[in-house]
Amino acid sequence: MRSSSLDAIAGAQLFFKCENLQRSGSFKMRGATNAVFSLSDEEAARGVLTHSSGNHAAALALAARDRGIRAWIVMPSDAPQIKRRAVAAFGGEILLCEPTMAGREAAAQELILRTGAVLLHPYDDDRIIAGQATAALELLEDVPDLDLVLAPVSGGGLLSGTAISTKHLRPAARVVGCEPRNADDAARSLAAGRIEPAAKSRTMADGLRATLAPRTFAILRRLVDHVALVTEEEIVEAMRLLWDRLKVIVEPSGAVAAAPALLHKIGSEENVNAAQQNQQKKIGIILSGGNLDLDALPFGRAAS
C-alpha cells in the first residue's frame, strides 16, 4: 500500500507490506504454514505445539486446522484477550503460563512430554524463518529497487527472513530492524556481540518481548545493517498516522517498523539530518500485524 501524505511526512517513498491483512492477522501465518505443511505424515499425526504471546499461536492453530491436526498453545497469562480468542476460534488448545520466557519454555516442555506433539518454535526454526522470508520476497518482487527495508524484531524470525530475502535479491539495500526502546535486547545484543537478556521495562508492543535465539542472532549479525529504537510515544504516533492516512488497523508491534521512517529516525551513520538522507529514497516497511485489542487503545491516553 502507498500513501502520498505519508510519503510527504517521511520525505521518502514508502511501500507498506500489509501483513496486518494476512490470514490470522499477521505475518506469522507464513512461517506457521510452511512449518506445518513441511511435517511428515507421522509427525503431523502427533499434533503440533508452541509457546507464543499471540500471533504465532493463532497462526499455528489455523495452519494446524488447515492440515486437520491438533495444536496445543502455551500462552503467557497477560496475552491480550483478542489473541486468546483468535487461538480458541481456530481450534487451538490453550495452556496459560507465567508471563516469562522461562515460564513459557517450562510449560511447553511439560506438554511435549504429556502429548508427544512436535514443537514448532515461534522463530528458532529454519522452516519458520523461511516462511517469514516470503513477505520481503514478495515486497521486492513488486518494488525491486528499494533502498531500505524495515521490519520489527523480537525473537528475530521475521527480521532474519527479511534480511535473507533482501540481501539475496537487493544486496545494495540496507536492512533495518525496528525495536521498542523498552524492549531493546536485539539492539543490545548486536552491539555487545552476544545475546543479551530481555529488558525489564514493559512495552505496548506485546509481540516484541521475546529474546533472540542463537540461530536468529547469527543471521542478524551477518545481514542486518542497523537496529532503530522507538519510544512508546513514538509507537502511538506511528499507529495514529497509519490508521489516519493509510486507513488500516495496525497493532503496536506492526507500527514499530513504520515509526523510524515516519519520524525521521533513520539515516546514514554520519551525523546528517535523517530527513535529508531519506529524501527520494524508496523504503519498504513490513507492517507485521493488526491483532489489536480495541478495548485497550492508547490514543486517548496519548491525547490526555
# chains A, B, ... in the order shown; residues from 1 in each chain; ligands from 1
>>> select_by_dssp(residues="segment 92-254 of chain A", states="helix (DSSP H, G or I)", output="ChimeraX atom specification")
/A:101-115,126-142,157-169,181-183,185-192,206-208,214-223,232-246,252-254
>>> write_last_selection(atoms="C-alpha atoms", output="CSV table (one decimal), in the first residue's frame")
chain,number,residue,atom,x,y,z
A,101,MET,CA,10.3,-16.9,28.7
A,102,ALA,CA,11.3,-19.4,31.3
A,103,GLY,CA,7.6,-19.9,32.2
A,104,ARG,CA,6.7,-20.5,28.5
A,105,GLU,CA,9.5,-22.9,27.9
A,106,ALA,CA,8.8,-25.0,31.1
A,107,ALA,CA,5.1,-25.3,30.2
A,108,ALA,CA,5.9,-26.2,26.6
A,109,GLN,CA,8.3,-29.0,27.8
A,110,GLU,CA,5.7,-30.4,30.1
A,111,LEU,CA,3.2,-30.5,27.3
A,112,ILE,CA,5.6,-32.2,24.9
A,113,LEU,CA,6.2,-35.0,27.5
A,114,ARG,CA,2.4,-35.3,28.0
A,115,THR,CA,1.2,-35.2,24.4
A,126,ASP,CA,14.6,-22.8,9.7
A,127,ARG,CA,11.2,-23.6,8.4
A,128,ILE,CA,9.6,-20.7,10.3
A,129,ILE,CA,12.3,-18.3,9.1
A,130,ALA,CA,12.0,-19.5,5.5
A,131,GLY,CA,8.2,-18.8,5.6
A,132,GLN,CA,8.7,-15.4,7.1
A,133,ALA,CA,11.2,-14.5,4.4
A,134,THR,CA,8.4,-14.7,1.8
A,135,ALA,CA,7.0,-11.3,2.9
A,136,ALA,CA,10.1,-9.4,1.9
A,137,LEU,CA,10.4,-11.6,-1.2
A,138,GLU,CA,7.0,-10.5,-2.4
A,139,LEU,CA,7.7,-6.9,-1.5
A,140,LEU,CA,11.0,-6.9,-3.5
A,141,GLU,CA,9.2,-8.6,-6.4
A,142,ASP,CA,6.8,-5.7,-6.5
A,157,GLY,CA,12.4,-14.8,12.8
A,158,LEU,CA,10.8,-12.1,10.7
A,159,LEU,CA,13.9,-9.9,10.6
A,160,SER,CA,16.1,-12.9,9.8
A,161,GLY,CA,13.9,-13.9,6.9
A,162,THR,CA,13.6,-10.3,5.7
A,163,ALA,CA,17.4,-9.9,5.7
A,164,ILE,CA,17.9,-13.2,3.9
A,165,SER,CA,15.5,-12.3,1.1
A,166,THR,CA,16.6,-8.6,0.9
A,167,LYS,CA,20.4,-9.3,0.7
A,168,HIS,CA,19.8,-12.0,-1.8
A,169,LEU,CA,17.6,-10.0,-4.2
A,181,ARG,CA,13.3,1.2,23.4
A,182,ASN,CA,11.6,-0.5,26.3
A,183,ALA,CA,12.4,-3.9,24.7
A,185,ASP,CA,17.5,-6.6,23.7
A,186,ALA,CA,18.2,-7.1,20.0
A,187,ALA,CA,20.0,-3.8,19.7
A,188,ARG,CA,22.0,-4.5,22.9
A,189,SER,CA,22.8,-8.0,21.7
A,190,LEU,CA,24.1,-6.8,18.3
A,191,ALA,CA,26.2,-4.1,20.0
A,192,ALA,CA,27.6,-6.5,22.6
A,206,ASP,CA,3.4,-7.1,23.2
A,207,GLY,CA,4.5,-9.1,20.2
A,208,LEU,CA,8.1,-7.8,20.6
A,214,PRO,CA,21.4,-18.3,18.6
A,215,ARG,CA,20.1,-19.1,15.1
A,216,THR,CA,18.4,-15.7,14.6
A,217,PHE,CA,21.3,-13.8,16.3
A,218,ALA,CA,23.8,-15.3,13.9
A,219,ILE,CA,21.7,-14.3,10.9
A,220,LEU,CA,21.1,-10.7,12.2
A,221,ARG,CA,24.8,-10.2,13.0
A,222,ARG,CA,25.7,-11.1,9.4
A,223,LEU,CA,22.9,-9.4,7.4
A,232,GLU,CA,6.2,4.2,23.5
A,233,GLU,CA,5.0,7.7,22.5
A,234,GLU,CA,6.5,7.2,19.0
A,235,ILE,CA,4.8,3.9,18.6
A,236,VAL,CA,1.4,5.6,19.4
A,237,GLU,CA,2.2,8.4,17.0
A,238,ALA,CA,3.0,5.9,14.2
A,239,MET,CA,-0.1,4.0,14.8
A,240,ARG,CA,-2.2,7.1,14.6
A,241,LEU,CA,-0.6,8.1,11.3
A,242,LEU,CA,-1.2,4.7,9.8
A,243,TRP,CA,-4.8,4.5,10.9
A,244,ASP,CA,-5.5,8.1,9.8
A,245,ARG,CA,-3.6,8.2,6.5
A,246,LEU,CA,-3.3,4.6,5.3
A,252,PRO,CA,1.7,-1.6,18.2
A,253,SER,CA,4.2,-4.2,17.2
A,254,GLY,CA,3.5,-3.6,13.5
>>> atom_distance(atom1="atom CA of Leu150 of chain A", atom2="atom CA of Ala10 of chain A")
13.6 Å
>>> residues_around(residues="Phe27 of chain A", least_positions_apart="6", cutoff="7 Å", atoms="only C-alpha atoms", output="MDAnalysis selection string")
chainID A and resid 19 132 288:289
>>> residues_around(residues="segment 282-286 of chain A", least_positions_apart="3", cutoff="7 Å", atoms="only C-alpha atoms", output="ChimeraX atom specification")
/A:12-19,146-151,257-258
>>> closest_residue(among="A:Glu98, A:Asp225, A:Glu43, A:Asp184", to="Leu120 of chain A", atoms="only C-alpha atoms")
A:Glu43
>>> closest_residue(among="A:Ile9, A:Ser4, A:Gly156, A:Asn291", to="Ala58 of chain A", atoms="only C-alpha atoms")
A:Asn291
>>> residues_around(residues="Gly91 of chain A", least_positions_apart="6", cutoff="9 Å", atoms="only C-alpha atoms", output="list in words")
Ala61, Leu62, Ala64, Arg65, Arg70 and Ala71 of chain A
>>> write_last_selection(atoms="N, CA and C atoms", output="compact mmCIF listing (two decimals), in the first residue's frame")
# COMPACT_ATOMS: atom_id res chain seq x y z
N ALA A 61 -2.36 -22.40 15.16
CA ALA A 61 -3.66 -23.04 15.32
C ALA A 61 -4.40 -23.12 13.99
N LEU A 62 -4.35 -22.05 13.21
CA LEU A 62 -5.05 -22.03 11.92
C LEU A 62 -4.37 -22.95 10.91
N ALA A 64 -2.62 -25.60 11.60
CA ALA A 64 -2.92 -26.97 12.02
C ALA A 64 -4.33 -27.36 11.61
N ARG A 65 -5.28 -26.42 11.77
CA ARG A 65 -6.65 -26.72 11.35
C ARG A 65 -6.70 -26.98 9.84
N ARG A 70 -4.13 -31.55 15.50
CA ARG A 70 -4.31 -30.82 16.75
C ARG A 70 -3.16 -29.84 16.98
N ALA A 71 -3.46 -28.77 17.72
CA ALA A 71 -2.45 -27.77 18.08
C ALA A 71 -2.62 -27.40 19.55
>>> select_by_dssp(residues="segment 67-170 of chain A", states="strand (DSSP E or B)", output="list in words")
Ala71, Trp72, Ile73, Val74, Met75, Pro76, Glu93, Ile94, Leu95, Leu96, Cys97, Val118, Leu119, Leu148, Val149, Leu150, Ala151 and Pro152 of chain A
>>> residues_around(residues="Ala228 of chain A", least_positions_apart="2", cutoff="9 Å", atoms="only C-alpha atoms", output="mmCIF file with C-alpha atoms, in the first residue's frame")
data_model
loop_
_atom_site.group_PDB
_atom_site.id
_atom_site.type_symbol
_atom_site.label_atom_id
_atom_site.label_comp_id
_atom_site.auth_asym_id
_atom_site.auth_seq_id
_atom_site.Cartn_x
_atom_site.Cartn_y
_atom_site.Cartn_z
ATOM 1 C CA VAL A 176 16.904 -2.030 9.451
ATOM 2 C CA GLY A 177 15.457 -3.835 12.442
ATOM 3 C CA CYS A 178 12.967 -1.795 14.466
ATOM 4 C CA GLU A 179 12.519 -2.278 18.197
ATOM 5 C CA PRO A 180 10.848 -0.575 21.164
ATOM 6 C CA ARG A 181 13.321 1.235 23.394
ATOM 7 C CA ALA A 187 19.983 -3.773 19.716
ATOM 8 C CA HIS A 226 21.153 -1.306 11.917
ATOM 9 C CA VAL A 230 11.480 3.927 19.196
ATOM 10 C CA ALA A 257 8.539 -0.808 11.872
ATOM 11 C CA PRO A 260 11.607 5.174 12.269
ATOM 12 C CA LYS A 265 14.837 8.206 12.970
ATOM 13 C CA ILE A 266 16.850 6.513 10.227
#
